[in-house]
$ cat input_35.pdb   # PDB, C-alpha atoms and all ligand atoms
ATOM      1  CA  MET A  15      97.316 309.869-162.648
ATOM      2  CA  PRO A  16      94.301 307.672-163.329
ATOM      3  CA  SER A  17      94.894 304.445-165.205
ATOM      4  CA  ARG A  18      95.614 304.851-168.927
ATOM      5  CA  SER A  19      95.427 308.582-168.648
ATOM      6  CA  ILE A  20      97.401 309.444-171.813
ATOM      7  CA  ALA A  21      96.323 308.126-175.220
ATOM      8  CA  PHE A  22      98.598 308.473-178.254
ATOM      9  CA  LEU A  23      97.103 308.832-181.733
ATOM     10  CA  GLY A  24     100.108 307.763-183.797
ATOM     11  CA  ALA A  25     103.074 305.741-182.607
ATOM     12  CA  GLY A  26     105.969 306.856-184.806
ATOM     13  CA  HIS A  27     109.276 308.515-183.973
ATOM     14  CA  LEU A  28     107.897 311.401-181.959
ATOM     15  CA  ALA A  29     105.363 309.349-179.994
ATOM     16  CA  THR A  30     108.083 306.802-179.263
ATOM     17  CA  ALA A  31     110.395 309.534-177.953
ATOM     18  CA  LEU A  32     107.604 310.837-175.735
ATOM     19  CA  VAL A  33     106.657 307.437-174.352
ATOM     20  CA  ARG A  34     110.274 306.504-173.685
ATOM     21  CA  GLY A  35     110.898 309.866-172.005
ATOM     22  CA  LEU A  36     107.825 309.591-169.778
ATOM     23  CA  LEU A  37     108.753 306.071-168.729
ATOM     24  CA  ALA A  38     112.478 306.793-168.271
ATOM     25  CA  GLN A  39     111.681 309.764-166.040
ATOM     26  CA  LYS A  40     109.177 307.591-164.144
ATOM     27  CA  ILE A  41     106.470 310.179-164.707
ATOM     28  CA  CYS A  42     103.950 307.397-165.129
ATOM     29  CA  PRO A  43     103.962 303.594-165.359
ATOM     30  CA  PRO A  44     103.410 301.873-168.738
ATOM     31  CA  ALA A  45      99.849 300.990-167.630
ATOM     32  CA  ASP A  46      98.912 304.686-167.806
ATOM     33  CA  LEU A  47      99.756 304.941-171.498
ATOM     34  CA  VAL A  48      97.888 303.566-174.495
ATOM     35  CA  CYS A  49      98.468 304.001-178.216
ATOM     36  CA  THR A  50      97.006 303.382-181.619
ATOM     37  CA  SER A  51      98.137 303.954-185.199
ATOM     38  CA  LYS A  52      96.615 303.773-188.649
ATOM     39  CA  SER A  53      97.807 300.315-189.652
ATOM     40  CA  GLY A  54      98.461 299.277-186.071
ATOM     41  CA  VAL A  55     101.985 298.182-187.014
ATOM     42  CA  SER A  56     103.918 300.973-185.310
ATOM     43  CA  ALA A  57     101.574 301.054-182.303
ATOM     44  CA  GLN A  58     101.898 297.310-181.723
ATOM     45  CA  ARG A  59     105.669 297.653-181.972
ATOM     46  CA  LEU A  60     105.724 300.561-179.505
ATOM     47  CA  ALA A  61     103.506 298.632-177.107
ATOM     48  CA  ALA A  62     105.685 295.520-177.346
ATOM     49  CA  GLU A  63     108.895 297.507-176.814
ATOM     50  CA  THR A  64     107.743 299.629-173.889
ATOM     51  CA  GLY A  65     104.963 297.708-172.160
ATOM     52  CA  ILE A  66     102.289 300.341-172.810
ATOM     53  CA  ALA A  67      98.895 299.226-174.102
ATOM     54  CA  PHE A  68      97.839 299.004-177.738
ATOM     55  CA  GLU A  69      94.163 299.670-178.456
ATOM     56  CA  PRO A  70      92.967 299.732-182.073
ATOM     57  CA  ASP A  71      89.379 300.608-181.181
ATOM     58  CA  LEU A  72      89.086 304.411-181.004
ATOM     59  CA  PRO A  73      86.180 304.627-178.488
ATOM     60  CA  ARG A  74      87.944 302.155-176.174
ATOM     61  CA  LEU A  75      91.297 303.943-176.637
ATOM     62  CA  LEU A  76      89.831 307.263-175.553
ATOM     63  CA  ALA A  77      87.316 306.034-172.956
ATOM     64  CA  THR A  78      89.761 306.141-170.050
ATOM     65  CA  ALA A  79      92.155 308.752-171.389
ATOM     66  CA  ASP A  80      92.191 312.192-169.825
ATOM     67  CA  THR A  81      94.900 313.504-172.170
ATOM     68  CA  VAL A  82      95.183 312.793-175.893
ATOM     69  CA  VAL A  83      98.494 313.275-177.695
ATOM     70  CA  VAL A  84      98.025 313.752-181.435
ATOM     71  CA  ALA A  85     101.216 312.408-183.023
ATOM     72  CA  PHE A  86     100.389 311.324-186.549
ATOM     73  CA  LYS A  87     101.651 313.097-189.684
ATOM     74  CA  PRO A  88     100.197 316.601-190.211
ATOM     75  CA  GLN A  89      98.629 315.602-193.538
ATOM     76  CA  SER A  90      96.626 312.876-191.746
ATOM     77  CA  LEU A  91      94.632 315.533-189.875
ATOM     78  CA  ALA A  92      92.410 316.173-192.902
ATOM     79  CA  THR A  93      91.317 312.520-192.960
ATOM     80  CA  ALA A  94      91.248 311.974-189.206
ATOM     81  CA  ASP A  95      88.342 309.924-187.838
ATOM     82  CA  PRO A  96      85.329 312.288-187.465
ATOM     83  CA  ARG A  97      84.394 310.507-184.221
ATOM     84  CA  LEU A  98      87.370 312.260-182.592
ATOM     85  CA  ALA A  99      85.227 315.378-182.037
ATOM     86  CA  ALA A 100      82.782 313.536-179.793
ATOM     87  CA  LEU A 101      85.370 311.211-178.271
ATOM     88  CA  THR A 102      87.573 314.057-177.016
ATOM     89  CA  VAL A 103      84.854 316.061-175.244
ATOM     90  CA  GLY A 104      86.338 317.537-172.062
ATOM     91  CA  LYS A 105      89.825 316.078-172.646
ATOM     92  CA  LEU A 106      93.179 317.813-172.835
ATOM     93  CA  VAL A 107      94.387 317.513-176.443
ATOM     94  CA  ILE A 108      98.089 317.987-177.144
ATOM     95  CA  SER A 109      99.205 318.161-180.767
ATOM     96  CA  VAL A 110     102.762 317.790-182.049
ATOM     97  CA  LEU A 111     101.695 318.268-185.669
ATOM     98  CA  ALA A 112     104.002 320.677-187.493
ATOM     99  CA  GLY A 113     102.168 323.426-189.341
ATOM    100  CA  ARG A 114      98.690 322.818-187.900
ATOM    101  CA  ARG A 115      97.507 325.875-186.014
ATOM    102  CA  LEU A 116      95.248 325.887-182.962
ATOM    103  CA  ALA A 117      92.362 327.244-185.068
ATOM    104  CA  ARG A 118      92.694 324.260-187.419
ATOM    105  CA  LEU A 119      93.015 321.779-184.537
ATOM    106  CA  THR A 120      89.838 323.197-183.003
ATOM    107  CA  GLU A 121      87.911 322.029-186.082
ATOM    108  CA  THR A 122      88.875 318.412-185.358
ATOM    109  CA  PHE A 123      88.741 318.659-181.546
ATOM    110  CA  PRO A 124      85.998 321.263-180.960
ATOM    111  CA  HIS A 125      85.033 320.126-177.460
ATOM    112  CA  ALA A 126      88.464 319.571-175.902
ATOM    113  CA  ARG A 127      88.809 321.280-172.514
ATOM    114  CA  ASN A 128      92.020 322.818-173.831
ATOM    115  CA  LEU A 129      94.244 322.464-176.879
ATOM    116  CA  VAL A 130      98.023 322.641-176.717
ATOM    117  CA  ARG A 131     100.349 322.855-179.681
ATOM    118  CA  LEU A 132     103.934 321.578-179.302
ATOM    119  CA  LEU A 133     106.704 322.168-181.807
ATOM    120  CA  PRO A 134     109.548 319.784-180.869
ATOM    121  CA  ASN A 135     112.669 319.023-182.914
ATOM    122  CA  THR A 136     114.365 315.735-183.735
ATOM    123  CA  PRO A 137     116.909 315.726-180.835
ATOM    124  CA  ALA A 138     113.755 315.147-178.740
ATOM    125  CA  ALA A 139     114.277 311.487-179.699
ATOM    126  CA  ILE A 140     117.124 311.400-177.135
ATOM    127  CA  GLY A 141     115.518 313.834-174.692
ATOM    128  CA  ALA A 142     117.723 316.653-176.001
ATOM    129  CA  GLY A 143     115.167 318.565-178.026
ATOM    130  CA  ILE A 144     113.848 322.045-177.597
ATOM    131  CA  THR A 145     110.107 322.518-177.917
ATOM    132  CA  GLY A 146     108.167 325.724-178.479
ATOM    133  CA  TRP A 147     104.578 325.484-177.315
ATOM    134  CA  CYS A 148     101.361 327.400-176.853
ATOM    135  CA  ALA A 149      97.894 326.706-175.492
ATOM    136  CA  ALA A 150      94.488 327.795-176.779
ATOM    137  CA  GLN A 151      93.478 328.967-173.291
ATOM    138  CA  LYS A 152      95.342 329.482-170.033
ATOM    139  CA  LEU A 153      96.163 326.041-168.650
ATOM    140  CA  SER A 154      94.665 324.939-165.359
ATOM    141  CA  ASP A 155      97.261 324.055-162.718
ATOM    142  CA  SER A 156      96.790 320.299-163.169
ATOM    143  CA  ASP A 157      96.896 320.515-166.991
ATOM    144  CA  HIS A 158     100.030 322.627-166.678
ATOM    145  CA  VAL A 159     101.653 319.795-164.733
ATOM    146  CA  THR A 160     100.655 317.263-167.414
ATOM    147  CA  VAL A 161     101.912 319.456-170.254
ATOM    148  CA  ARG A 162     105.139 320.133-168.424
ATOM    149  CA  GLN A 163     105.753 316.423-167.833
ATOM    150  CA  ILE A 164     105.301 315.747-171.538
ATOM    151  CA  LEU A 165     107.554 318.674-172.463
ATOM    152  CA  ASP A 166     110.225 317.510-170.000
ATOM    153  CA  ALA A 167     110.223 314.091-171.679
ATOM    154  CA  LEU A 168     111.378 315.787-174.898
ATOM    155  CA  GLY A 169     114.100 318.057-173.477
ATOM    156  CA  THR A 170     113.947 321.790-172.811
ATOM    157  CA  HIS A 171     111.011 324.005-173.768
ATOM    158  CA  ALA A 172     109.638 327.514-173.961
ATOM    159  CA  GLU A 173     106.082 328.811-174.094
ATOM    160  CA  VAL A 174     105.701 331.281-176.951
ATOM    161  CA  PRO A 175     102.781 333.130-178.550
ATOM    162  CA  GLU A 176     101.406 331.067-181.438
ATOM    163  CA  GLU A 177     102.441 333.697-183.978
ATOM    164  CA  GLN A 178     106.081 332.911-183.110
ATOM    165  CA  LEU A 179     105.740 329.205-183.904
ATOM    166  CA  ASP A 180     106.603 329.662-187.611
ATOM    167  CA  ALA A 181     109.946 331.147-186.581
ATOM    168  CA  ILE A 182     110.357 328.405-183.954
ATOM    169  CA  THR A 183     109.662 325.866-186.715
ATOM    170  CA  ALA A 184     112.501 327.386-188.738
ATOM    171  CA  LEU A 185     115.034 327.812-185.924
ATOM    172  CA  GLY A 186     114.245 324.856-183.660
ATOM    173  CA  GLY A 187     112.471 322.471-186.027
ATOM    174  CA  SER A 188     114.583 322.874-189.165
ATOM    175  CA  GLY A 189     117.626 324.037-187.176
ATOM    176  CA  PRO A 190     119.097 320.546-186.667
ATOM    177  CA  ALA A 191     119.308 320.160-190.468
ATOM    178  CA  PHE A 192     121.231 323.442-190.706
ATOM    179  CA  VAL A 193     123.572 322.303-187.937
ATOM    180  CA  TYR A 194     124.145 318.956-189.682
ATOM    181  CA  GLU A 195     124.896 320.831-192.894
ATOM    182  CA  PHE A 196     127.466 322.917-191.001
ATOM    183  CA  VAL A 197     129.034 319.776-189.502
ATOM    184  CA  ALA A 198     129.222 318.264-192.988
ATOM    185  CA  ALA A 199     130.834 321.457-194.314
ATOM    186  CA  LEU A 200     133.425 321.405-191.496
ATOM    187  CA  ARG A 201     134.141 317.758-192.310
ATOM    188  CA  ASP A 202     134.555 318.480-196.018
ATOM    189  CA  GLY A 203     136.813 321.418-195.198
ATOM    190  CA  GLY A 204     138.987 319.139-193.086
ATOM    191  CA  VAL A 205     139.247 316.670-195.955
ATOM    192  CA  ALA A 206     140.146 319.493-198.364
ATOM    193  CA  ALA A 207     142.880 320.521-195.912
ATOM    194  CA  GLY A 208     144.383 317.025-196.078
ATOM    195  CA  LEU A 209     142.705 314.997-193.302
ATOM    196  CA  PRO A 210     141.430 311.435-193.844
ATOM    197  CA  ALA A 211     137.597 311.437-194.103
ATOM    198  CA  GLU A 212     137.130 309.537-190.819
ATOM    199  CA  THR A 213     139.385 311.893-188.875
ATOM    200  CA  ALA A 214     137.706 314.949-190.394
ATOM    201  CA  ALA A 215     134.225 313.611-189.546
ATOM    202  CA  LYS A 216     135.249 312.940-185.935
ATOM    203  CA  PHE A 217     136.833 316.355-185.441
ATOM    204  CA  ALA A 218     133.898 318.140-187.067
ATOM    205  CA  LEU A 219     131.357 316.423-184.820
ATOM    206  CA  GLU A 220     133.318 316.704-181.575
ATOM    207  CA  THR A 221     134.187 320.336-182.251
ATOM    208  CA  VAL A 222     130.515 321.253-182.665
ATOM    209  CA  LEU A 223     129.488 319.118-179.681
ATOM    210  CA  GLY A 224     132.204 320.462-177.375
ATOM    211  CA  SER A 225     131.707 324.069-178.468
ATOM    212  CA  ALA A 226     127.947 323.841-177.874
ATOM    213  CA  ARG A 227     128.502 322.323-174.419
ATOM    214  CA  LEU A 228     131.013 324.999-173.477
ATOM    215  CA  LEU A 229     128.664 327.716-174.736
ATOM    216  CA  ALA A 230     125.788 326.261-172.705
ATOM    217  CA  ARG A 231     127.875 325.976-169.537
ATOM    218  CA  SER A 232     129.870 329.187-169.716
ATOM    219  CA  GLY A 233     127.022 331.670-169.779
ATOM    220  CA  ALA A 234     129.091 333.673-172.295
ATOM    221  CA  THR A 235     127.786 334.837-175.667
ATOM    222  CA  PRO A 236     128.905 333.062-178.853
ATOM    223  CA  GLU A 237     130.768 336.243-179.800
ATOM    224  CA  GLN A 238     132.713 336.271-176.497
ATOM    225  CA  LEU A 239     133.775 332.640-176.917
ATOM    226  CA  ARG A 240     134.644 333.258-180.574
ATOM    227  CA  ASP A 241     136.911 336.118-179.552
ATOM    228  CA  GLN A 242     138.623 333.911-176.952
ATOM    229  CA  VAL A 243     139.604 331.527-179.752
ATOM    230  CA  ALA A 244     140.687 334.185-182.228
ATOM    231  CA  SER A 245     143.968 335.994-181.615
ATOM    232  CA  PRO A 246     144.833 338.919-183.880
ATOM    233  CA  ASN A 247     146.347 337.787-187.163
ATOM    234  CA  GLY A 248     146.102 334.124-186.123
ATOM    235  CA  THR A 249     144.613 331.074-187.820
ATOM    236  CA  THR A 250     141.060 331.628-186.531
ATOM    237  CA  ALA A 251     141.096 335.248-187.678
ATOM    238  CA  ALA A 252     142.137 334.098-191.152
ATOM    239  CA  GLY A 253     139.169 331.736-191.275
ATOM    240  CA  LEU A 254     136.696 334.247-189.810
ATOM    241  CA  GLN A 255     137.703 336.748-192.493
ATOM    242  CA  VAL A 256     136.566 334.297-195.152
ATOM    243  CA  LEU A 257     133.254 333.677-193.326
ATOM    244  CA  ALA A 258     132.632 337.431-193.193
ATOM    245  CA  ALA A 259     133.665 338.015-196.814
ATOM    246  CA  ARG A 260     131.299 335.230-197.955
ATOM    247  CA  GLN A 261     128.503 336.739-195.843
ATOM    248  CA  PHE A 262     128.064 333.776-193.533
ATOM    249  CA  ARG A 263     125.743 335.583-191.108
ATOM    250  CA  GLU A 264     123.584 337.048-193.868
ATOM    251  CA  THR A 265     123.332 333.597-195.462
ATOM    252  CA  VAL A 266     122.183 331.978-192.207
ATOM    253  CA  ARG A 267     119.760 334.853-191.569
ATOM    254  CA  GLU A 268     118.222 334.366-195.029
ATOM    255  CA  THR A 269     118.078 330.610-194.358
ATOM    256  CA  ILE A 270     116.000 331.127-191.203
ATOM    257  CA  LEU A 271     113.773 333.700-192.891
ATOM    258  CA  ALA A 272     113.121 331.391-195.876
ATOM    259  CA  ALA A 273     112.214 328.487-193.555
ATOM    260  CA  THR A 274     109.948 330.794-191.502
ATOM    261  CA  ARG A 275     108.134 331.991-194.638
ATOM    262  CA  ARG A 276     107.652 328.389-195.774
ATOM    263  CA  ALA A 277     106.305 327.369-192.346
ATOM    264  CA  GLY A 278     103.747 330.177-192.641
ATOM    265  CA  GLU A 279     102.749 329.109-196.149
ATOM    266  CA  LEU A 280     102.320 325.479-195.102
ATOM    267  CA  ALA A 281     100.227 326.433-192.065
ATOM    268  CA  ARG A 282      98.012 328.726-194.161
ATOM    269  CA  ASP A 283      97.436 325.985-196.779
ATOM    270  CA  ALA A 284      96.552 323.380-194.118
TER     271      ALA A 284
HETATM  272  N1  LIG A 301     110.094 313.323-185.557
HETATM  273  C1  LIG A 301     110.272 314.496-184.936
HETATM  274  O1  LIG A 301     111.272 314.753-184.287
HETATM  275  C2  LIG A 301     109.218 315.566-185.004
HETATM  276  C3  LIG A 301     109.563 316.884-184.683
HETATM  277  C4  LIG A 301     108.561 317.864-184.679
HETATM  278  C5  LIG A 301     107.261 317.516-184.957
HETATM  279  N2  LIG A 301     106.968 316.237-185.282
HETATM  280  C6  LIG A 301     105.591 315.904-185.588
HETATM  281  O2  LIG A 301     105.269 314.656-185.037
HETATM  282  C7  LIG A 301     104.305 314.027-185.841
HETATM  283  C8  LIG A 301     104.698 312.585-186.071
HETATM  284  O3  LIG A 301     105.977 312.578-186.709
HETATM  285  P1  LIG A 301     106.856 311.254-186.684
HETATM  286  O4  LIG A 301     108.210 311.621-187.155
HETATM  287  O5  LIG A 301     106.693 310.578-185.369
HETATM  288  O6  LIG A 301     106.093 310.410-187.835
HETATM  289  P2  LIG A 301     106.170 308.848-188.143
HETATM  290  O7  LIG A 301     107.326 308.228-187.466
HETATM  291  O8  LIG A 301     105.993 308.688-189.617
HETATM  292  O9  LIG A 301     104.834 308.280-187.434
HETATM  293  C9  LIG A 301     103.557 308.585-187.875
HETATM  294  C10 LIG A 301     102.592 307.748-187.052
HETATM  295  O10 LIG A 301     101.252 308.156-187.333
HETATM  296  C11 LIG A 301     100.467 306.980-187.518
HETATM  297  N3  LIG A 301      99.264 307.372-188.249
HETATM  298  C12 LIG A 301      99.143 307.776-189.526
HETATM  299  N4  LIG A 301      97.872 308.140-189.780
HETATM  300  C13 LIG A 301      97.171 307.981-188.623
HETATM  301  C14 LIG A 301      95.830 308.177-188.236
HETATM  302  N5  LIG A 301      94.928 308.643-189.081
HETATM  303  N6  LIG A 301      95.489 307.886-186.946
HETATM  304  C15 LIG A 301      96.400 307.427-186.057
HETATM  305  N7  LIG A 301      97.690 307.218-186.378
HETATM  306  C16 LIG A 301      98.071 307.487-187.645
HETATM  307  C17 LIG A 301     101.403 306.000-188.172
HETATM  308  O11 LIG A 301     100.886 304.708-188.007
HETATM  309  P3  LIG A 301     101.259 303.396-188.877
HETATM  310  O12 LIG A 301     102.540 303.672-189.590
HETATM  311  O13 LIG A 301     101.394 302.280-187.880
HETATM  312  O14 LIG A 301     100.098 303.188-189.779
HETATM  313  C18 LIG A 301     102.648 306.249-187.324
HETATM  314  O15 LIG A 301     102.523 305.616-186.070
HETATM  315  C19 LIG A 301     104.180 314.827-187.129
HETATM  316  O16 LIG A 301     102.963 315.512-187.111
HETATM  317  C20 LIG A 301     105.322 315.778-187.076
HETATM  318  O17 LIG A 301     104.961 317.050-187.602
HETATM  319  C21 LIG A 301     107.915 315.256-185.320
END
$ encode --input "input_35.pdb" --output "structure tokens"
Amino acid sequence: MPSRSIAFLGAGHLATALVRGLLAQKICPPADLVCTSKSGVSAQRLAAETGIAFEPDLPRLLATADTVVVAFKPQSLATADPRLAALTVGKLVISVLAGRRLARLTETFPHARNLVRLLPNTPAAIGAGITGWCAAQKLSDSDHVTVRQILDALGTHAEVPEEQLDAITALGGSGPAFVYEFVAALRDGGVAAGLPAETAAKFALETVLGSARLLARSGATPEQLRDQVASPNGTTAAGLQVLAARQFRETVRETILAATRRAGELARDA
């Protein structure tokens, strides 16, 4: 990669996860990365912590960059520097902005050689995210390599048609919050059943963690592993009966559908 080939607009949580992932996987040296941010505070901190460059001047930031990662808050797009249109001519622009569609991004980056939209989730901060992504046009081989390196820094990934990104936002993006809510509910159930809070919290977390790992490794479906745990008339069956009676699956289905609808509304209003 040429020197300073990736410029980051925004240096918050997501940009930090990306930079750390790229450096940890030795995809590029710190000298190839440069960042800026609105106040400069977060970008200076990221630069100091990782050894990448900080460049507050937008023309200088983008002069040597071949790829531009847009990692500020989605609402900042409306007030983004109008010089970005001219400064990103011929560059690969990769956006992580939730709820900002390719058509909207094209208004700000009309002359990019290609536009890519990534939808990561918060476990990306430890390289354990899952990212749905799509590109405005078919990626060239070399841009595909760049995009893949950035995706790998965040965890696993899947290319999807853009119209699926609202559902990906609900399942992958909001999904961690639903999982945390489930962990909290398991913990509270343990406390209600007589466990000390600390013990209940530990068992709730490790049970979810271990079950997810086993599911990932086994190649079995969740239903198959569930049935391995549940013997007829046993303790698990007693609990599963309550989940079914209280319409657990329907509730989760409605949860995902509500989040998907909201993602669509937010993208339309952008
Ligand atoms: N966090 C996640 O896991 C996650 C998951 C999916 C998608 N995303 C997306 O990632 C993006 C960033 O989220 P985040 O959690 O990293 O936010 P964050 O931690 O709040 O960081 C926002 C960054 O944007 C900078 N900034 C604000 N306005 C700017 C502008 N006009 N030009 C350049 N930089 C600007 C801020 O700079 P200063 O504070 O220094 O002024 C800060 O560095 C969002 O669009 C979000 O939708 C994040």
$ residues_near_ligand --input "input_35.pdb" --ligand "ligand LIG 301 (chain A)" --cutoff "8 Å" --atoms "all atoms listed in the file" --output "PDB file with C-alpha atoms, in the frame of the given file"
ATOM      1  CA  LEU A  23      97.103 308.832-181.733  1.00  0.00           C
ATOM      2  CA  GLY A  24     100.108 307.763-183.797  1.00  0.00           C
ATOM      3  CA  ALA A  25     103.074 305.741-182.607  1.00  0.00           C
ATOM      4  CA  GLY A  26     105.969 306.856-184.806  1.00  0.00           C
ATOM      5  CA  HIS A  27     109.276 308.515-183.973  1.00  0.00           C
ATOM      6  CA  LEU A  28     107.897 311.401-181.959  1.00  0.00           C
ATOM      7  CA  ALA A  29     105.363 309.349-179.994  1.00  0.00           C
ATOM      8  CA  THR A  30     108.083 306.802-179.263  1.00  0.00           C
ATOM      9  CA  THR A  50      97.006 303.382-181.619  1.00  0.00           C
ATOM     10  CA  SER A  51      98.137 303.954-185.199  1.00  0.00           C
ATOM     11  CA  LYS A  52      96.615 303.773-188.649  1.00  0.00           C
ATOM     12  CA  SER A  53      97.807 300.315-189.652  1.00  0.00           C
ATOM     13  CA  GLY A  54      98.461 299.277-186.071  1.00  0.00           C
ATOM     14  CA  VAL A  55     101.985 298.182-187.014  1.00  0.00           C
ATOM     15  CA  SER A  56     103.918 300.973-185.310  1.00  0.00           C
ATOM     16  CA  ALA A  57     101.574 301.054-182.303  1.00  0.00           C
ATOM     17  CA  GLN A  58     101.898 297.310-181.723  1.00  0.00           C
ATOM     18  CA  VAL A  84      98.025 313.752-181.435  1.00  0.00           C
ATOM     19  CA  ALA A  85     101.216 312.408-183.023  1.00  0.00           C
ATOM     20  CA  PHE A  86     100.389 311.324-186.549  1.00  0.00           C
ATOM     21  CA  LYS A  87     101.651 313.097-189.684  1.00  0.00           C
ATOM     22  CA  PRO A  88     100.197 316.601-190.211  1.00  0.00           C
ATOM     23  CA  GLN A  89      98.629 315.602-193.538  1.00  0.00           C
ATOM     24  CA  SER A  90      96.626 312.876-191.746  1.00  0.00           C
ATOM     25  CA  LEU A  91      94.632 315.533-189.875  1.00  0.00           C
ATOM     26  CA  THR A  93      91.317 312.520-192.960  1.00  0.00           C
ATOM     27  CA  ALA A  94      91.248 311.974-189.206  1.00  0.00           C
ATOM     28  CA  ASP A  95      88.342 309.924-187.838  1.00  0.00           C
ATOM     29  CA  SER A 109      99.205 318.161-180.767  1.00  0.00           C
ATOM     30  CA  VAL A 110     102.762 317.790-182.049  1.00  0.00           C
ATOM     31  CA  LEU A 111     101.695 318.268-185.669  1.00  0.00           C
ATOM     32  CA  ALA A 112     104.002 320.677-187.493  1.00  0.00           C
ATOM     33  CA  GLY A 113     102.168 323.426-189.341  1.00  0.00           C
ATOM     34  CA  LEU A 132     103.934 321.578-179.302  1.00  0.00           C
ATOM     35  CA  LEU A 133     106.704 322.168-181.807  1.00  0.00           C
ATOM     36  CA  PRO A 134     109.548 319.784-180.869  1.00  0.00           C
ATOM     37  CA  ASN A 135     112.669 319.023-182.914  1.00  0.00           C
ATOM     38  CA  THR A 136     114.365 315.735-183.735  1.00  0.00           C
ATOM     39  CA  PRO A 137     116.909 315.726-180.835  1.00  0.00           C
ATOM     40  CA  ALA A 138     113.755 315.147-178.740  1.00  0.00           C
ATOM     41  CA  ALA A 139     114.277 311.487-179.699  1.00  0.00           C
ATOM     42  CA  GLY A 187     112.471 322.471-186.027  1.00  0.00           C
TER      43      GLY A 187
END
$ residues_near_point --input "input_35.pdb" --point "(124.5, 325.0, -176.2)" --cutoff "12 Å" --atoms "only C-alpha atoms" --output "VMD selection string"
chain A and resid 142 to 144 170 222 to 236
$ write_last_selection --input "input_35.pdb" --atoms "C-alpha atoms" --output "mmCIF file, in the frame of the given file"
data_model
loop_
_atom_site.group_PDB
_atom_site.id
_atom_site.type_symbol
_atom_site.label_atom_id
_atom_site.label_comp_id
_atom_site.auth_asym_id
_atom_site.auth_seq_id
_atom_site.Cartn_x
_atom_site.Cartn_y
_atom_site.Cartn_z
ATOM 1 C CA ALA A 142 117.723 316.653 -176.001
ATOM 2 C CA GLY A 143 115.167 318.565 -178.026
ATOM 3 C CA ILE A 144 113.848 322.045 -177.597
ATOM 4 C CA THR A 170 113.947 321.790 -172.811
ATOM 5 C CA VAL A 222 130.515 321.253 -182.665
ATOM 6 C CA LEU A 223 129.488 319.118 -179.681
ATOM 7 C CA GLY A 224 132.204 320.462 -177.375
ATOM 8 C CA SER A 225 131.707 324.069 -178.468
ATOM 9 C CA ALA A 226 127.947 323.841 -177.874
ATOM 10 C CA ARG A 227 128.502 322.323 -174.419
ATOM 11 C CA LEU A 228 131.013 324.999 -173.477
ATOM 12 C CA LEU A 229 128.664 327.716 -174.736
ATOM 13 C CA ALA A 230 125.788 326.261 -172.705
ATOM 14 C CA ARG A 231 127.875 325.976 -169.537
ATOM 15 C CA SER A 232 129.870 329.187 -169.716
ATOM 16 C CA GLY A 233 127.022 331.670 -169.779
ATOM 17 C CA ALA A 234 129.091 333.673 -172.295
ATOM 18 C CA THR A 235 127.786 334.837 -175.667
ATOM 19 C CA PRO A 236 128.905 333.062 -178.853
#
$ resolve_selection --input "input_35.pdb" --expression "the PyMOL selection byres (((chain A and resi 130) around 6) and not hetatm)" --output "PyMOL selection string"
chain A and resi 108+129+131+148-149
$ closest_residue --input "input_35.pdb" --among "A:Glu212, A:Val33, A:Arg276, A:Leu219" --to "Glu63 in chain A" --atoms "all atoms listed in the file"
A:Val33
$ residues_near_point --input "input_35.pdb" --point "(126.4, 329.0, -196.1)" --cutoff "10 Å" --atoms "all atoms listed in the file" --output "PDB file with C-alpha atoms, in the coordinates of the input"
ATOM      1  CA  PHE A 192     121.231 323.442-190.706  1.00  0.00           C
ATOM      2  CA  GLU A 195     124.896 320.831-192.894  1.00  0.00           C
ATOM      3  CA  PHE A 196     127.466 322.917-191.001  1.00  0.00           C
ATOM      4  CA  ALA A 199     130.834 321.457-194.314  1.00  0.00           C
ATOM      5  CA  LEU A 257     133.254 333.677-193.326  1.00  0.00           C
ATOM      6  CA  ARG A 260     131.299 335.230-197.955  1.00  0.00           C
ATOM      7  CA  GLN A 261     128.503 336.739-195.843  1.00  0.00           C
ATOM      8  CA  PHE A 262     128.064 333.776-193.533  1.00  0.00           C
ATOM      9  CA  ARG A 263     125.743 335.583-191.108  1.00  0.00           C
ATOM     10  CA  GLU A 264     123.584 337.048-193.868  1.00  0.00           C
ATOM     11  CA  THR A 265     123.332 333.597-195.462  1.00  0.00           C
ATOM     12  CA  VAL A 266     122.183 331.978-192.207  1.00  0.00           C
ATOM     13  CA  ARG A 267     119.760 334.853-191.569  1.00  0.00           C
ATOM     14  CA  GLU A 268     118.222 334.366-195.029  1.00  0.00           C
ATOM     15  CA  THR A 269     118.078 330.610-194.358  1.00  0.00           C
TER      16      THR A 269
END
$ residues_around --input "input_35.pdb" --residues "Ala167 in chain A" --least-positions-apart "2" --cutoff "9 Å" --atoms "all atoms listed in the file" --output "ChimeraX atom specification"
/A:31-39,41,138,141,162-165,169-170
$ residues_around --input "input_35.pdb" --residues "Gln151 in chain A" --least-positions-apart "6" --cutoff "12 Å" --atoms "all atoms listed in the file" --output "list in words"
Leu106, Val107, Leu116, Ala117, Thr120, Ala126, Arg127, Asn128, Leu129, Val130, Arg131, Asp157, His158, Pro175 and Glu176 of chain A
$ write_last_selection --input "input_35.pdb" --atoms "C-alpha atoms" --output "CSV table (one decimal), in the frame of the given file"
chain,number,residue,atom,x,y,z
A,106,LEU,CA,93.2,317.8,-172.8
A,107,VAL,CA,94.4,317.5,-176.4
A,116,LEU,CA,95.2,325.9,-183.0
A,117,ALA,CA,92.4,327.2,-185.1
A,120,THR,CA,89.8,323.2,-183.0
A,126,ALA,CA,88.5,319.6,-175.9
A,127,ARG,CA,88.8,321.3,-172.5
A,128,ASN,CA,92.0,322.8,-173.8
A,129,LEU,CA,94.2,322.5,-176.9
A,130,VAL,CA,98.0,322.6,-176.7
A,131,ARG,CA,100.3,322.9,-179.7
A,157,ASP,CA,96.9,320.5,-167.0
A,158,HIS,CA,100.0,322.6,-166.7
A,175,PRO,CA,102.8,333.1,-178.6
A,176,GLU,CA,101.4,331.1,-181.4
